[in-house]
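All remarks here apply to the structure that follows.
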Amino acid sequence: MRVGEALSLAQLPAREARLLLAAAAAVPESALLAWPERELEAATLRRFAALAEGRRAGVPVAYLLGRREFYGLEFRVGPGVLVPRPETELLVERALERRPACVLELGTGCGAVAVALARALPEARVVAVERSAAALAYARANVARWAPRVELRQGDWYAALDARERYELILANPPYIADGDPHLAARELRCEPRLALVAGADGLDALRRVITGAPAHLVPGGWLYVEHGSGQAEAVRDLLLRCGFTSLESWTDLAGIARVAGGRLKSD
């Protein structure tokens with residue numbers, strides 16, 4: 001069977017089919033575009049059929065490939081860890097504007113944000129916390145590959161820190177989907193860990209813990225940036241205000257949705 005025939009029979013969006021076939025054939029995607037008449041080996045077709053079946057069942061492409069690009073780098077991902085989203089690059093961009101000397105990321109997942117920051121800020125100390133052992137295993141692999149100086153810790157939010165630790169910047173992309181939200185029924189979300197997606201009845205439980213705990217671990221005048229869900233901007237702003245943050249800012253993603261909010265802790 002030729003490349004073009006295999007792609008047309010996959011019953012998948014064209015780009016997804018090409019990505020999976022390229023992985024099955026161990027060739028760049030560009031090779032498939034250049035030689036659609038190329039004959040495929042039986043072993044390649046078997047691998048492609050298995051990948052395509054998984055995708056039709058709703059398994060994320062990133063899980064099937066075992067990788068996902070984020071901020072120009074390729075990260076290892078798979079079942080048990082949230083797939084990095086392009087929207088979260090906004091969190092990295094805002095954090096880099098602060099040029100912090102010491103930064104803490106909570107809920108690092110596969111380590112994408114912490115690694116991106118460490119590579120862009122070679123002199124900064126970067127500490128990343130994750131409570132899921134499965135996710136932390138991916139983070140360790142990605143940190144070892146891209147930014148070995150990132151310090152990884154396992155724990156539940158601030159519980160992984162010493163009471164005296166202080167940072168210039170804390171950032172987090174915590175779970176922010178409400179329990180029972182209809183979006184959770186989407187095929188791909190069903191495959192990703194609920195621990196990284198769902199945060200209580202209103203989706204704000206994790207954001208409350210991140211924001212209320214931040215003042216104890218920020219230097220005076222330090223900054224906190226968080227990613228949040230659609231429609232949560234006002235609630236997040238109120239939380240920041242109540243916890244002593246000023247100079248509040250909010251940024252929208254490429255779809256025009258308020259996605260990242262932050263503020264500066266009062267220095268008194």
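In the structure tokens, chains take letters A, B, ... by order of appearance, with residues numbered from 1 within each chain and ligands from 1 in the order shown.
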
Cut-off 6 Å: closest stretch 36-111 of chain A/stretch 147-168 of chain A atom pairs per residue, using only C-alpha atoms, as a tab-separated table:
```
residue	atom	partner	partner_atom	distance
A:Pro100	CA	A:Glu168	CA	5.8
A:Cys102	CA	A:Tyr167	CA	5.5
A:Val103	CA	A:Tyr167	CA	5.6
A:Leu106	CA	A:Trp157	CA	5.9
```

Save out the residues we just selected, N, CA, C and O atoms, as a short mmCIF file (atom, residue, chain, number, x, y, z; two decimals), in the first residue's frame.
```cif
data_model
loop_
_atom_site.label_atom_id
_atom_site.label_comp_id
_atom_site.auth_asym_id
_atom_site.auth_seq_id
_atom_site.Cartn_x
_atom_site.Cartn_y
_atom_site.Cartn_z
N PRO A 100 13.25 36.86 36.97
CA PRO A 100 13.48 36.54 38.38
C PRO A 100 14.79 35.78 38.59
O PRO A 100 15.22 35.00 37.74
N CYS A 102 15.04 33.79 41.29
CA CYS A 102 14.60 32.52 41.85
C CYS A 102 13.10 32.39 41.59
O CYS A 102 12.33 33.31 41.86
N VAL A 103 12.71 31.25 41.04
CA VAL A 103 11.32 31.06 40.62
C VAL A 103 10.84 29.69 41.04
O VAL A 103 11.59 28.71 41.02
N LEU A 106 4.53 25.56 40.54
CA LEU A 106 3.70 24.57 41.22
C LEU A 106 2.91 23.77 40.20
O LEU A 106 2.34 24.35 39.27
#
```

_Shell of 7 Å around stretch 36-45 of chain A, only C-alpha atoms, local chain residues under 3 positions omitted, as a VMD selection string_ = chain A and resid 1 to 4 24 to 25 32 to 33 48 to 49

Can you write out as CSV which residues of stretch 90-169 of chain A fall within 10 Å of stretch 179-198 of chain A, alongside each residue's closest atom pair and its distance in Å to one decimal, counting only C-alpha atoms and ordering rows by chain and ascending residue number?
```
residue,atom,partner,partner_atom,distance
A:Gly107,CA,A:Ala196,CA,8.2
A:Gly109,CA,A:Ala196,CA,8.1
A:Arg131,CA,A:Leu195,CA,9.5
A:Ser132,CA,A:Leu195,CA,8.2
A:Ala134,CA,A:Pro193,CA,9.9
A:Ala135,CA,A:Pro193,CA,9.5
```

*Would you give me, as a PyMOL selection string, the residues in stretch 114-252 of chain A that DSSP reads as helix (DSSP H, G or I)?*
chain A and resi 114-120+133-146+157-160+182-185+187-191+194-196+205-217+233-242

*Select from stretch 16-203 of chain A everything DSSP, run on the backbone, classes as strand (DSSP E or B), then give the selection as number ranges by chain.*
A: 39, 67-70, 73-76, 102-106, 125-130, 151-154, 167-172, 177, 198

Take the residues from that selection and write them out as a CSV table (one decimal), in the first residue's frame, keeping C-alpha atoms.
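The resulting file, result-v2.csv, is reproduced below:
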```
chain,number,residue,atom,x,y,z
A,39,GLU,CA,5.3,1.8,-1.0
A,67,ARG,CA,6.1,13.6,22.7
A,68,ARG,CA,4.8,17.2,22.5
A,69,GLU,CA,6.4,20.4,21.4
A,70,PHE,CA,6.3,23.3,23.8
A,73,LEU,CA,11.4,22.1,22.7
A,74,GLU,CA,10.2,18.5,22.4
A,75,PHE,CA,9.0,17.0,25.7
A,76,ARG,CA,8.3,13.4,26.6
A,102,CYS,CA,14.6,32.5,41.8
A,103,VAL,CA,11.3,31.1,40.6
A,104,LEU,CA,8.9,28.4,41.8
A,105,GLU,CA,6.5,26.5,39.6
A,106,LEU,CA,3.7,24.6,41.2
A,125,ARG,CA,17.3,29.1,40.4
A,126,VAL,CA,14.2,27.2,39.2
A,127,VAL,CA,12.3,24.9,41.6
A,128,ALA,CA,9.4,22.8,40.3
A,129,VAL,CA,6.8,20.9,42.4
A,130,GLU,CA,4.5,18.1,41.3
A,151,GLU,CA,15.2,21.2,41.1
A,152,LEU,CA,12.3,18.9,41.1
A,153,ARG,CA,10.3,18.0,44.2
A,154,GLN,CA,7.3,15.8,44.9
A,167,TYR,CA,10.9,33.3,45.8
A,168,GLU,CA,10.8,36.3,43.6
A,169,LEU,CA,8.2,34.7,41.3
A,170,ILE,CA,5.7,31.9,41.8
A,171,LEU,CA,3.7,30.6,38.8
A,172,ALA,CA,1.3,27.8,38.3
A,177,ILE,CA,-12.2,22.7,35.3
A,198,VAL,CA,-10.6,19.0,37.8
```
